[in-house]
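Chemist: Here you go, query.txt (compact mmCIF, C-alpha atoms):
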```
# COMPACT_ATOMS: atom_id res chain seq x y z
CA MET A 1 1.46 6.42 -32.58
CA ASN A 2 3.67 8.45 -30.23
CA SER A 3 3.30 8.18 -26.46
CA SER A 4 1.40 11.48 -26.18
CA HIS A 5 -1.32 10.40 -28.60
CA TYR A 6 -1.40 6.90 -27.13
CA MET A 7 -1.84 8.06 -23.53
CA THR A 8 -4.35 10.75 -24.48
CA ASN A 9 -6.41 8.10 -26.24
CA LEU A 10 -6.30 5.89 -23.14
CA GLY A 11 -7.45 8.85 -21.08
CA GLU A 12 -10.37 9.63 -23.37
CA VAL A 13 -11.50 5.99 -23.38
CA ALA A 14 -11.18 5.81 -19.60
CA ARG A 15 -13.25 8.95 -19.09
CA GLN A 16 -16.06 7.55 -21.23
CA ALA A 17 -15.90 4.18 -19.48
CA SER A 18 -15.90 5.83 -16.04
CA GLN A 19 -19.39 7.17 -16.67
CA ILE A 20 -20.65 3.65 -17.35
CA ILE A 21 -19.02 1.95 -14.39
CA ALA A 22 -20.07 4.79 -12.08
CA SER A 23 -23.71 3.97 -12.77
CA ALA A 24 -23.34 0.17 -12.85
CA ASP A 25 -25.27 -1.72 -10.19
CA THR A 26 -23.63 -3.88 -7.55
CA LEU A 27 -24.64 -7.18 -9.13
CA THR A 28 -23.00 -6.22 -12.43
CA LYS A 29 -19.77 -5.15 -10.76
CA ASN A 30 -19.64 -8.28 -8.63
CA ALA A 31 -20.25 -10.50 -11.66
CA ALA A 32 -17.33 -8.83 -13.42
CA LEU A 33 -15.05 -9.37 -10.42
CA ILE A 34 -15.93 -13.07 -10.25
CA ALA A 35 -15.38 -13.36 -14.01
CA VAL A 36 -11.90 -11.83 -13.68
CA ALA A 37 -11.07 -14.22 -10.82
CA ASP A 38 -12.19 -17.21 -12.90
CA GLU A 39 -10.18 -16.03 -15.88
CA LEU A 40 -7.02 -15.64 -13.77
CA VAL A 41 -7.36 -19.20 -12.51
CA ALA A 42 -8.11 -20.53 -15.98
CA ARG A 43 -5.03 -18.84 -17.44
CA GLN A 44 -2.73 -19.47 -14.52
CA SER A 45 -0.14 -21.31 -16.62
CA ASP A 46 -0.02 -18.46 -19.16
CA ILE A 47 0.46 -15.94 -16.34
CA LEU A 48 3.25 -17.95 -14.74
CA ASN A 49 5.00 -18.48 -18.10
CA ALA A 50 4.89 -14.75 -18.77
CA ASN A 51 6.15 -14.05 -15.28
CA THR A 52 9.05 -16.46 -15.78
CA GLN A 53 10.07 -14.36 -18.80
CA ASP A 54 9.93 -11.19 -16.74
CA VAL A 55 11.95 -12.66 -13.87
CA SER A 56 14.57 -14.05 -16.25
CA GLU A 57 15.02 -10.65 -17.91
CA ALA A 58 15.18 -8.93 -14.51
CA GLN A 59 17.93 -11.31 -13.38
CA LYS A 60 19.88 -10.71 -16.60
CA LYS A 61 19.67 -6.97 -15.97
CA GLY A 62 20.99 -7.43 -12.44
CA LEU A 63 17.92 -6.08 -10.63
CA GLY A 64 18.06 -6.31 -6.83
CA ASN A 65 16.72 -9.23 -4.81
CA ALA A 66 13.94 -7.13 -3.25
CA LEU A 67 12.68 -6.10 -6.69
CA ILE A 68 12.81 -9.65 -8.02
CA ASP A 69 11.00 -10.91 -4.91
CA ARG A 70 8.14 -8.48 -5.57
CA LEU A 71 8.14 -9.37 -9.25
CA THR A 72 7.93 -13.15 -8.83
CA LEU A 73 4.56 -14.90 -9.05
CA THR A 74 3.76 -18.44 -7.93
CA SER A 75 0.67 -20.60 -8.29
CA ALA A 76 -0.30 -19.57 -4.77
CA ALA A 77 0.13 -15.89 -5.68
CA VAL A 78 -2.19 -16.22 -8.68
CA GLU A 79 -4.73 -18.04 -6.51
CA ASN A 80 -4.44 -15.22 -3.97
CA MET A 81 -5.11 -12.64 -6.68
CA ALA A 82 -8.28 -14.49 -7.62
CA THR A 83 -9.28 -14.89 -3.97
CA GLY A 84 -8.76 -11.17 -3.40
CA LEU A 85 -11.14 -10.34 -6.23
CA VAL A 86 -13.77 -12.69 -4.84
CA GLN A 87 -13.38 -11.03 -1.44
CA ILE A 88 -13.83 -7.59 -3.01
CA SER A 89 -17.05 -8.84 -4.62
CA GLU A 90 -18.30 -9.83 -1.16
CA LEU A 91 -17.63 -6.42 0.38
CA PRO A 92 -20.45 -3.90 0.74
CA ASP A 93 -20.70 -1.56 -2.23
CA PRO A 94 -19.94 1.95 -0.94
CA ILE A 95 -21.32 3.76 -4.00
CA GLY A 96 -24.60 5.56 -3.40
CA GLU A 97 -24.43 5.14 0.36
CA ILE A 98 -25.97 8.18 2.09
CA SER A 99 -24.78 9.06 5.59
CA ASP A 100 -25.07 11.79 8.22
CA MET A 101 -28.56 12.78 7.09
CA GLN A 102 -29.68 15.65 9.34
CA PRO A 103 -32.86 17.76 9.36
CA ARG A 104 -32.28 21.51 9.36
CA PRO A 105 -34.48 24.22 10.89
CA SER A 106 -35.46 25.31 7.37
CA GLY A 107 -37.11 21.95 6.77
CA ILE A 108 -34.50 20.54 4.37
CA LYS A 109 -32.53 17.39 5.11
CA VAL A 110 -28.78 17.42 4.43
CA GLY A 111 -26.48 14.42 4.08
CA LYS A 112 -23.50 13.00 2.20
CA MET A 113 -23.44 10.46 -0.61
CA ARG A 114 -20.40 8.34 -1.44
CA VAL A 115 -19.45 8.54 -5.12
CA PRO A 116 -16.57 7.36 -7.36
CA ILE A 117 -13.55 9.59 -7.90
CA GLY A 118 -13.71 9.01 -11.68
CA VAL A 119 -10.50 7.93 -13.43
CA ILE A 120 -7.50 6.62 -11.48
CA GLY A 121 -3.99 6.57 -12.91
CA MET A 122 -1.87 3.87 -11.28
CA ILE A 123 1.92 3.76 -11.72
CA TYR A 124 3.81 0.92 -10.07
CA GLU A 125 6.98 -1.16 -10.17
CA SER A 126 7.26 -4.95 -10.10
CA ARG A 127 4.30 -6.51 -8.22
CA PRO A 128 2.13 -7.92 -11.06
CA ASN A 129 -0.50 -8.74 -8.43
CA VAL A 130 -1.15 -4.98 -8.19
CA THR A 131 -2.64 -5.15 -11.68
CA ALA A 132 -5.43 -7.45 -10.47
CA ASP A 133 -5.85 -5.81 -7.05
CA ALA A 134 -6.09 -2.28 -8.46
CA ALA A 135 -8.44 -3.35 -11.23
CA GLY A 136 -10.74 -5.05 -8.74
CA LEU A 137 -10.85 -2.18 -6.27
CA CYS A 138 -11.40 0.44 -8.96
CA LEU A 139 -14.13 -1.61 -10.62
CA LYS A 140 -16.05 -2.21 -7.36
CA SER A 141 -15.73 1.46 -6.35
CA GLY A 142 -17.11 2.58 -9.71
CA ASN A 143 -13.88 4.01 -11.14
CA ALA A 144 -12.06 3.50 -14.40
CA VAL A 145 -8.31 2.91 -14.11
CA ILE A 146 -5.23 3.21 -16.30
CA LEU A 147 -2.50 0.84 -15.09
CA ARG A 148 1.11 1.54 -15.96
CA GLY A 149 3.33 -1.19 -14.54
CA GLY A 150 7.10 -1.25 -14.74
CA SER A 151 8.95 -2.48 -17.80
CA GLU A 152 10.29 -5.39 -15.71
CA SER A 153 6.75 -6.82 -15.37
CA ILE A 154 5.41 -6.04 -18.84
CA CYS A 155 4.75 -9.67 -19.89
CA SER A 156 2.95 -10.55 -16.66
CA ASN A 157 0.85 -7.39 -16.71
CA GLN A 158 -0.22 -7.85 -20.29
CA ILE A 159 -1.52 -11.38 -19.66
CA ILE A 160 -3.35 -10.26 -16.52
CA GLY A 161 -4.75 -7.34 -18.53
CA GLN A 162 -6.03 -9.76 -21.15
CA CYS A 163 -7.81 -11.75 -18.43
CA ILE A 164 -9.49 -8.58 -17.18
CA ALA A 165 -10.53 -7.49 -20.67
CA THR A 166 -12.03 -10.91 -21.41
CA ALA A 167 -14.03 -10.83 -18.17
CA LEU A 168 -15.31 -7.29 -18.77
CA ASN A 169 -16.43 -8.25 -22.25
CA ALA A 170 -18.20 -11.35 -20.92
CA THR A 171 -20.17 -9.22 -18.45
CA ASN A 172 -21.07 -6.55 -21.03
CA LEU A 173 -18.88 -3.84 -19.54
CA PRO A 174 -16.51 -1.71 -21.64
CA GLN A 175 -12.87 -2.77 -21.63
CA GLY A 176 -11.96 0.89 -21.12
CA ILE A 177 -12.82 0.50 -17.43
CA VAL A 178 -9.44 -1.19 -16.94
CA GLN A 179 -6.62 -0.42 -19.36
CA VAL A 180 -3.09 -1.75 -19.01
CA VAL A 181 -0.51 0.48 -20.69
CA GLU A 182 1.26 -1.70 -23.24
CA THR A 183 4.30 0.47 -23.93
CA THR A 184 7.46 0.45 -21.83
CA ASP A 185 8.35 3.95 -23.08
CA ARG A 186 9.24 5.95 -19.96
CA ASP A 187 7.62 9.00 -21.51
CA ALA A 188 4.25 7.32 -21.02
CA VAL A 189 4.52 8.01 -17.29
CA GLY A 190 5.16 11.68 -17.91
CA GLN A 191 2.15 11.82 -20.19
CA LEU A 192 -0.14 10.02 -17.76
CA ILE A 193 0.58 12.31 -14.82
CA THR A 194 -0.29 15.39 -16.87
CA LEU A 195 -3.61 14.16 -18.32
CA LYS A 196 -5.56 16.51 -16.07
CA ASP A 197 -8.60 16.58 -18.38
CA HIS A 198 -8.95 12.80 -18.30
CA VAL A 199 -7.44 11.52 -15.03
CA ASP A 200 -8.61 12.58 -11.55
CA VAL A 201 -5.95 11.15 -9.26
CA ILE A 202 -2.55 9.45 -9.59
CA ILE A 203 -1.41 6.64 -7.29
CA PRO A 204 2.30 5.77 -7.54
CA ARG A 205 3.44 2.54 -5.92
CA GLY A 206 7.11 1.76 -6.04
CA GLY A 207 10.53 2.99 -4.95
CA LYS A 208 11.19 6.35 -3.37
CA GLY A 209 12.68 7.73 -6.60
CA LEU A 210 9.54 6.93 -8.58
CA VAL A 211 7.20 8.44 -6.00
CA GLU A 212 9.33 11.59 -5.63
CA ARG A 213 9.33 12.07 -9.39
CA ILE A 214 5.56 11.62 -9.68
CA SER A 215 4.88 13.95 -6.76
CA LYS A 216 7.11 16.64 -8.26
CA GLU A 217 5.93 16.47 -11.87
CA ALA A 218 2.24 15.52 -11.67
CA LEU A 219 -0.41 18.07 -12.61
CA ILE A 220 -2.99 15.81 -10.93
CA PRO A 221 -3.51 15.12 -7.19
CA VAL A 222 -1.30 12.26 -5.92
CA ILE A 223 -2.04 9.65 -3.23
CA LYS A 224 1.40 8.48 -2.13
CA HIS A 225 3.88 7.17 0.34
CA LEU A 226 7.59 7.70 -0.22
CA ASP A 227 8.99 4.90 1.92
CA GLY A 228 8.26 2.56 4.80
CA VAL A 229 10.67 3.16 7.67
CA CYS A 230 8.68 1.05 10.15
CA HIS A 231 9.54 0.68 13.83
CA VAL A 232 8.79 -1.80 16.59
CA TYR A 233 9.30 -0.49 20.15
CA ILE A 234 9.77 -3.06 22.91
CA ASP A 235 8.50 -1.34 26.05
CA LYS A 236 9.72 -2.02 29.61
CA ASP A 237 6.38 -3.73 30.31
CA ALA A 238 6.52 -6.00 27.28
CA ASP A 239 5.92 -9.74 27.39
CA LEU A 240 9.32 -10.97 26.19
CA GLU A 241 8.01 -14.00 24.31
CA LYS A 242 5.51 -11.82 22.43
CA ALA A 243 8.26 -9.28 21.78
CA LEU A 244 10.63 -11.87 20.32
CA SER A 245 7.93 -13.34 18.08
CA ILE A 246 6.68 -9.95 16.86
CA ALA A 247 10.15 -8.52 16.21
CA ASP A 248 11.23 -11.65 14.34
CA ASN A 249 8.08 -11.70 12.19
CA ALA A 250 8.07 -7.96 11.52
CA LYS A 251 11.58 -8.21 10.08
CA THR A 252 11.94 -11.66 8.55
CA GLN A 253 8.48 -12.75 7.35
CA ARG A 254 9.29 -10.87 4.14
CA TYR A 255 12.10 -8.42 3.53
CA GLY A 256 11.04 -6.52 0.41
CA THR A 257 7.79 -4.96 1.62
CA CYS A 258 6.97 -1.45 2.80
CA ASN A 259 5.51 -2.70 6.10
CA THR A 260 8.62 -4.64 7.13
CA MET A 261 10.29 -3.41 10.32
CA GLU A 262 13.49 -1.51 9.57
CA THR A 263 14.34 -0.20 13.07
CA LEU A 264 13.94 -2.00 16.40
CA LEU A 265 13.78 0.13 19.56
CA ILE A 266 14.23 -1.47 23.00
CA HIS A 267 13.70 -0.02 26.47
CA GLU A 268 17.01 0.06 28.33
CA SER A 269 15.69 -2.09 31.20
CA LEU A 270 15.22 -5.02 28.79
CA ALA A 271 18.43 -4.63 26.79
CA ALA A 272 20.42 -7.27 28.67
CA THR A 273 17.71 -9.93 28.46
CA PHE A 274 16.04 -9.21 25.12
CA LEU A 275 18.90 -8.23 22.81
CA PRO A 276 21.02 -11.41 23.05
CA ARG A 277 17.95 -13.54 22.29
CA ILE A 278 16.71 -11.51 19.32
CA GLY A 279 20.29 -11.24 18.10
CA GLU A 280 20.61 -15.02 18.08
CA ILE A 281 17.28 -15.47 16.28
CA LEU A 282 18.18 -12.96 13.58
CA SER A 283 21.70 -14.32 13.24
CA THR A 284 20.34 -17.76 12.30
CA LYS A 285 18.45 -16.02 9.48
CA ASP A 286 21.52 -14.08 8.30
CA VAL A 287 20.07 -10.69 9.21
CA GLU A 288 22.76 -8.04 9.52
CA ILE A 289 22.29 -5.88 12.63
CA ARG A 290 23.48 -2.28 12.81
CA GLY A 291 23.24 -1.04 16.38
CA ASP A 292 24.02 1.81 18.72
CA HIS A 293 26.77 1.31 21.32
CA ILE A 294 24.48 -0.26 23.95
CA SER A 295 22.94 -2.69 21.44
CA ARG A 296 26.40 -3.75 20.25
CA SER A 297 27.45 -4.57 23.80
CA HIS A 298 24.69 -7.20 23.91
CA ILE A 299 24.89 -8.40 20.29
CA PRO A 300 28.58 -9.12 19.60
CA ASN A 301 28.28 -9.44 15.81
CA ALA A 302 26.37 -6.17 15.37
CA LEU A 303 27.90 -3.47 13.19
CA VAL A 304 28.05 0.22 14.02
CA ALA A 305 24.85 2.08 13.12
CA GLU A 306 25.46 5.39 11.35
CA GLU A 307 23.05 8.33 11.51
CA SER A 308 21.85 7.43 8.00
CA ASP A 309 20.73 3.97 9.20
CA TRP A 310 17.89 5.45 11.24
CA TYR A 311 16.38 6.87 8.03
CA GLU A 312 16.92 3.76 5.92
CA GLU A 313 14.29 1.56 4.30
CA TYR A 314 16.54 -1.43 3.68
CA LEU A 315 14.08 -3.81 1.99
CA ALA A 316 16.73 -6.40 2.79
CA PRO A 317 17.94 -8.62 5.69
CA ILE A 318 19.40 -5.63 7.53
CA LEU A 319 18.03 -4.15 10.76
CA ALA A 320 18.88 -1.01 12.71
CA VAL A 321 18.69 -1.46 16.51
CA LYS A 322 18.66 1.21 19.22
CA VAL A 323 18.23 1.19 22.99
CA VAL A 324 16.08 4.03 24.37
CA SER A 325 15.62 5.30 27.91
CA ASP A 326 11.83 5.51 27.89
CA LEU A 327 8.63 5.87 25.86
CA ASP A 328 9.29 9.56 25.23
CA GLU A 329 12.61 8.82 23.56
CA ALA A 330 11.02 6.06 21.46
CA ILE A 331 8.26 8.37 20.24
CA LYS A 332 10.78 11.15 19.54
CA HIS A 333 12.95 8.75 17.52
CA ILE A 334 9.97 7.60 15.45
CA SER A 335 8.88 11.19 14.87
CA THR A 336 12.39 12.21 13.79
CA TYR A 337 13.34 9.29 11.56
CA GLY A 338 10.09 7.55 10.62
CA SER A 339 8.07 7.87 7.44
CA GLN A 340 4.57 7.89 8.99
CA HIS A 341 3.86 4.46 7.55
CA THR A 342 3.51 1.78 10.28
CA ASP A 343 4.87 1.67 13.81
CA ALA A 344 4.21 -0.79 16.64
CA ILE A 345 4.64 -1.07 20.39
CA VAL A 346 4.92 -4.26 22.42
CA THR A 347 3.65 -3.68 25.96
CA GLU A 348 1.27 -5.05 28.58
CA ASN A 349 0.70 -1.54 29.98
CA ASP A 350 -2.59 -0.13 28.66
CA SER A 351 -1.80 3.50 29.48
CA THR A 352 1.56 3.25 27.71
CA ALA A 353 -0.12 1.68 24.69
CA SER A 354 -2.73 4.46 24.67
CA ARG A 355 -0.04 7.14 24.68
CA PHE A 356 1.81 5.43 21.85
CA ILE A 357 -1.21 5.18 19.55
CA ARG A 358 -2.22 8.78 20.30
CA GLU A 359 1.19 10.37 19.85
CA VAL A 360 2.78 8.37 17.03
CA ASP A 361 1.62 10.11 13.87
CA SER A 362 1.64 7.23 11.39
CA SER A 363 -0.98 5.88 9.02
CA SER A 364 -1.05 2.62 11.00
CA VAL A 365 -0.14 2.33 14.70
CA MET A 366 -0.17 -1.12 16.32
CA VAL A 367 -0.14 -2.62 19.79
CA ASN A 368 1.29 -6.12 20.30
CA ALA A 369 1.17 -7.05 16.61
CA SER A 370 3.62 -7.34 13.72
CA THR A 371 3.92 -4.40 11.33
CA ARG A 372 3.47 -6.93 8.52
CA PHE A 373 -0.30 -6.79 9.13
CA ALA A 374 -0.45 -3.28 7.63
CA ASP A 375 -2.07 -4.06 4.31
CA GLY A 376 -5.51 -4.03 2.80
CA PHE A 377 -6.00 -7.79 2.76
CA GLU A 378 -5.26 -8.12 6.48
CA TYR A 379 -7.41 -5.07 7.29
CA GLY A 380 -10.44 -6.64 5.66
CA LEU A 381 -10.39 -4.39 2.59
CA GLY A 382 -10.18 -7.40 0.25
CA ALA A 383 -7.05 -5.89 -1.28
CA GLU A 384 -5.42 -2.50 -1.47
CA ILE A 385 -4.42 -0.17 -4.22
CA GLY A 386 -1.56 1.11 -2.09
CA ILE A 387 -0.72 2.55 1.31
CA SER A 388 -1.05 6.28 1.74
CA THR A 389 0.88 8.42 4.18
CA ASN A 390 -0.97 11.52 2.97
CA LYS A 391 -2.73 13.62 5.58
CA LEU A 392 -5.64 14.48 3.29
CA HIS A 393 -8.27 12.16 1.79
CA ALA A 394 -7.07 8.55 2.11
CA ARG A 395 -4.56 7.45 4.77
CA GLY A 396 -3.13 3.98 5.38
CA PRO A 397 -4.13 1.02 3.19
CA VAL A 398 -6.37 2.37 0.42
CA GLY A 399 -9.35 0.13 -0.24
CA LEU A 400 -12.82 0.84 -1.59
CA ASP A 401 -13.63 3.85 0.59
CA GLY A 402 -10.27 5.43 -0.24
CA LEU A 403 -11.20 5.36 -3.94
CA THR A 404 -14.41 7.28 -3.37
CA ASN A 405 -15.40 10.81 -2.47
CA LEU A 406 -18.38 12.42 -0.77
CA LYS A 407 -20.83 14.89 -2.19
CA TRP A 408 -23.54 16.76 -0.31
CA VAL A 409 -27.14 15.79 -1.03
CA VAL A 410 -30.16 17.85 0.03
CA PHE A 411 -33.79 16.70 0.22
CA GLY A 412 -36.61 19.15 0.50
CA ASN A 413 -40.37 19.48 0.13
CA GLY A 414 -40.72 22.83 -1.55
CA GLU A 415 -38.68 24.83 0.97
CA ILE A 416 -37.29 28.19 -0.13
CA ARG A 417 -34.71 30.37 1.58
CA VAL A 418 -35.96 33.60 3.11
```
As structure tokens, what does this structure read like?
Modeler:
Amino acid sequence: MNSSHYMTNLGEVARQASQIIASADTLTKNAALIAVADELVARQSDILNANTQDVSEAQKKGLGNALIDRLTLTSAAVENMATGLVQISELPDPIGEISDMQPRPSGIKVGKMRVPIGVIGMIYESRPNVTADAAGLCLKSGNAVILRGGSESICSNQIIGQCIATALNATNLPQGIVQVVETTDRDAVGQLITLKDHVDVIIPRGGKGLVERISKEALIPVIKHLDGVCHVYIDKDADLEKALSIADNAKTQRYGTCNTMETLLIHESLAATFLPRIGEILSTKDVEIRGDHISRSHIPNALVAEESDWYEEYLAPILAVKVVSDLDEAIKHISTYGSQHTDAIVTENDSTASRFIREVDSSSVMVNASTRFADGFEYGLGAEIGISTNKLHARGPVGLDGLTNLKWVVFGNGEIRV
């Protein structure tokens, strides 16, 4: 079967399954989530063996360290996938929730009901944990999903897909609710993003090239973010110990993630005291610093930052550093070079913090916290299907609510319009 027929068949099956999961009750959906979690734990060794194959092939092909980091699973990672599914099962079910009910002068009552989107198409690179997270979120929110992972994670994704299928079958739900694409044919992506009769929204999660391609070629609405150029601004009223801890964590807790700090901004009044200390901390962790001329005067081993560095999502132990004259310059820099993903300020001044969170136009804006908190798990969403920098529909980490829509509902008692 060619990729066109294969993907069309997946779409047809998903559309049929979406009608069943949309009407499933909360207990049924939660039972399925728990069953998937149990199956992941039971087959942990199979998952890790498959992942070892994927990582070995990725290393042979010379894939970058950031990609391999996102690809690699551990026992703890599998346990976390299972825990995430259990947490999703414990979240309130948004489907059927009616809000904003208002009586009208005519006698009718008007409100909004939260409903599933329908069929989600998910395209992602590396990150086998996304297979479980996306499946769980789509299932709980009453959606069917087609999951197309990268060729580098095909073995891991297939085993995780088998766990999901087994659990769905055990809870009397159709396996078409969650389908993992089993071909590595690149044409499958092109087919998926044009299945407008079967798929309602596409969510790409991967490198900038992938997301740009999907956004350009898709015939279906896309929830996306292109890159994560995240900033931390150390304000003149910052607590220096907090600032050092936050900047260190935001950069070095993990390098290959979209919420990792890529540019550090420092108020000029703190440059002489803060920069040598953060430079020493980062030097011990082999982080390469690329700074402006003031930063380099306080961090001797810093390299020269080019204009392109301010736009860069390194996903590596590299950090751009710039000294700014005030809050206005920091906000202007973020507006000019940022990607509207996640940006943070460290300050003890409440009015400064208020200005920052009002004026920085990003999907997550933080005060006195590491940018690494910008994900669905940390936000209490149980997990996330991705982070959106879109202005419409979902923005920021996309959890259950982001995978639903609202429809108007009207209740009357025989009223007619005159």
Chemist: Please produce, as JSON lines, a per-residue contact table for range 176-256 of chain A versus range 287-311 of chain A (criterion: any atom at most 12 Å away, only C-alpha atoms considered), showing the nearest atom pair and its distance in Å to one decimal, sorted by chain then residue number.
Modeler:
```
{"residue": "A:Asp227", "atom": "CA", "partner": "A:Tyr311", "partner_atom": "CA", "distance": 9.8}
{"residue": "A:Gly228", "atom": "CA", "partner": "A:Tyr311", "partner_atom": "CA", "distance": 9.7}
{"residue": "A:Val229", "atom": "CA", "partner": "A:Tyr311", "partner_atom": "CA", "distance": 6.8}
{"residue": "A:Cys230", "atom": "CA", "partner": "A:Tyr311", "partner_atom": "CA", "distance": 9.9}
{"residue": "A:His231", "atom": "CA", "partner": "A:Trp310", "partner_atom": "CA", "distance": 10.0}
{"residue": "A:Asp248", "atom": "CA", "partner": "A:Val287", "partner_atom": "CA", "distance": 10.3}
{"residue": "A:Lys251", "atom": "CA", "partner": "A:Val287", "partner_atom": "CA", "distance": 8.9}
{"residue": "A:Thr252", "atom": "CA", "partner": "A:Val287", "partner_atom": "CA", "distance": 8.2}
{"residue": "A:Gln253", "atom": "CA", "partner": "A:Val287", "partner_atom": "CA", "distance": 11.9}
{"residue": "A:Arg254", "atom": "CA", "partner": "A:Val287", "partner_atom": "CA", "distance": 11.9}
{"residue": "A:Tyr255", "atom": "CA", "partner": "A:Val287", "partner_atom": "CA", "distance": 10.0}
```
Chemist: Save the residues we just selected, C-alpha atoms, as a PDB file, in the coordinates of the input?
Modeler:
```
ATOM      1  CA  ASP A 227       8.990   4.900   1.920  1.00  0.00           C
ATOM      2  CA  GLY A 228       8.260   2.560   4.800  1.00  0.00           C
ATOM      3  CA  VAL A 229      10.670   3.160   7.670  1.00  0.00           C
ATOM      4  CA  CYS A 230       8.680   1.050  10.150  1.00  0.00           C
ATOM      5  CA  HIS A 231       9.540   0.680  13.830  1.00  0.00           C
ATOM      6  CA  ASP A 248      11.230 -11.650  14.340  1.00  0.00           C
ATOM      7  CA  LYS A 251      11.580  -8.210  10.080  1.00  0.00           C
ATOM      8  CA  THR A 252      11.940 -11.660   8.550  1.00  0.00           C
ATOM      9  CA  GLN A 253       8.480 -12.750   7.350  1.00  0.00           C
ATOM     10  CA  ARG A 254       9.290 -10.870   4.140  1.00  0.00           C
ATOM     11  CA  TYR A 255      12.100  -8.420   3.530  1.00  0.00           C
TER      12      TYR A 255
END
```
Chemist: Grab the CA of Leu33 in chain A to CA of Ser141 in chain A distance for me, in Å with one decimal place.
Modeler: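 For CA of Leu33 in chain A relative to CA of Ser141 in chain A, the distance reads 11.6 Å.
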Chemist: Leaving out Gly380 in chain A and any residue of its chain fewer than 2 positions from it, which residues lie within 12 Å of it when counting all atoms listed in the file, given as a PDB file with C-alpha atoms, in the coordinates of the input?
Modeler:
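Generated file (around20.pdb):
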```pdb
ATOM      1  CA  GLY A  84      -8.760 -11.170  -3.400  1.00  0.00           C
ATOM      2  CA  GLN A  87     -13.380 -11.030  -1.440  1.00  0.00           C
ATOM      3  CA  ILE A  88     -13.830  -7.590  -3.010  1.00  0.00           C
ATOM      4  CA  GLU A  90     -18.300  -9.830  -1.160  1.00  0.00           C
ATOM      5  CA  LEU A  91     -17.630  -6.420   0.380  1.00  0.00           C
ATOM      6  CA  PRO A  92     -20.450  -3.900   0.740  1.00  0.00           C
ATOM      7  CA  PHE A 373      -0.300  -6.790   9.130  1.00  0.00           C
ATOM      8  CA  ALA A 374      -0.450  -3.280   7.630  1.00  0.00           C
ATOM      9  CA  ASP A 375      -2.070  -4.060   4.310  1.00  0.00           C
ATOM     10  CA  GLY A 376      -5.510  -4.030   2.800  1.00  0.00           C
ATOM     11  CA  PHE A 377      -6.000  -7.790   2.760  1.00  0.00           C
ATOM     12  CA  GLU A 378      -5.260  -8.120   6.480  1.00  0.00           C
ATOM     13  CA  GLY A 382     -10.180  -7.400   0.250  1.00  0.00           C
ATOM     14  CA  ALA A 383      -7.050  -5.890  -1.280  1.00  0.00           C
ATOM     15  CA  GLU A 384      -5.420  -2.500  -1.470  1.00  0.00           C
ATOM     16  CA  PRO A 397      -4.130   1.020   3.190  1.00  0.00           C
ATOM     17  CA  VAL A 398      -6.370   2.370   0.420  1.00  0.00           C
ATOM     18  CA  GLY A 399      -9.350   0.130  -0.240  1.00  0.00           C
ATOM     19  CA  LEU A 400     -12.820   0.840  -1.590  1.00  0.00           C
TER      20      LEU A 400
END
```
Chemist: Pick out the closest residue to His198 in chain A from this set: A:Val232, A:Ile34, A:Cys163, A:Ala144. Count all atoms listed in the file.
Modeler: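 Smallest distance to His198 in chain A is found for A:Ala144.
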Chemist: Rank A:Ser89, A:Asp54, A:Ile234, A:Arg114 by their smallest atom-to-atom distance to Leu381 in chain A, using all atoms listed in the file, and report the top residue only.
Modeler: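 Smallest distance to Leu381 in chain A is found for A:Ser89.
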Chemist: Which residues come within 12 Å of Gly402 in chain A, counting all atoms listed in the file, excluding same-chain residues fewer than 2 positions away, as a CSV table (one decimal) with C-alpha atoms, keeping the file's coordinate frame?
Modeler:
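selection_19.csv was written with the following content:
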```
chain,number,residue,atom,x,y,z
A,94,PRO,CA,-19.9,2.0,-0.9
A,95,ILE,CA,-21.3,3.8,-4.0
A,114,ARG,CA,-20.4,8.3,-1.4
A,115,VAL,CA,-19.4,8.5,-5.1
A,116,PRO,CA,-16.6,7.4,-7.4
A,117,ILE,CA,-13.6,9.6,-7.9
A,120,ILE,CA,-7.5,6.6,-11.5
A,137,LEU,CA,-10.8,-2.2,-6.3
A,138,CYS,CA,-11.4,0.4,-9.0
A,140,LYS,CA,-16.0,-2.2,-7.4
A,141,SER,CA,-15.7,1.5,-6.4
A,143,ASN,CA,-13.9,4.0,-11.1
A,201,VAL,CA,-6.0,11.2,-9.3
A,203,ILE,CA,-1.4,6.6,-7.3
A,223,ILE,CA,-2.0,9.6,-3.2
A,376,GLY,CA,-5.5,-4.0,2.8
A,381,LEU,CA,-10.4,-4.4,2.6
A,383,ALA,CA,-7.0,-5.9,-1.3
A,384,GLU,CA,-5.4,-2.5,-1.5
A,385,ILE,CA,-4.4,-0.2,-4.2
A,386,GLY,CA,-1.6,1.1,-2.1
A,387,ILE,CA,-0.7,2.6,1.3
A,388,SER,CA,-1.0,6.3,1.7
A,390,ASN,CA,-1.0,11.5,3.0
A,392,LEU,CA,-5.6,14.5,3.3
A,393,HIS,CA,-8.3,12.2,1.8
A,394,ALA,CA,-7.1,8.6,2.1
A,395,ARG,CA,-4.6,7.4,4.8
A,396,GLY,CA,-3.1,4.0,5.4
A,397,PRO,CA,-4.1,1.0,3.2
A,398,VAL,CA,-6.4,2.4,0.4
A,399,GLY,CA,-9.4,0.1,-0.2
A,400,LEU,CA,-12.8,0.8,-1.6
A,404,THR,CA,-14.4,7.3,-3.4
A,405,ASN,CA,-15.4,10.8,-2.5
A,406,LEU,CA,-18.4,12.4,-0.8
```
Chemist: Have a look at A:Ser370, A:Thr257, A:Ser364, A:Ser126 and name the one nearest to Leu71 in chain A; count all atoms listed in the file.
Modeler: A:Ser126
Chemist: Can you list, as a ChimeraX atom specification, every protein, DNA or RNA residue that comes within 8 Å of Ile193 in chain A when you count all atoms listed in the file, leaving out same-chain residues fewer than 5 positions away?
Modeler: /A:121,202,214,217-220
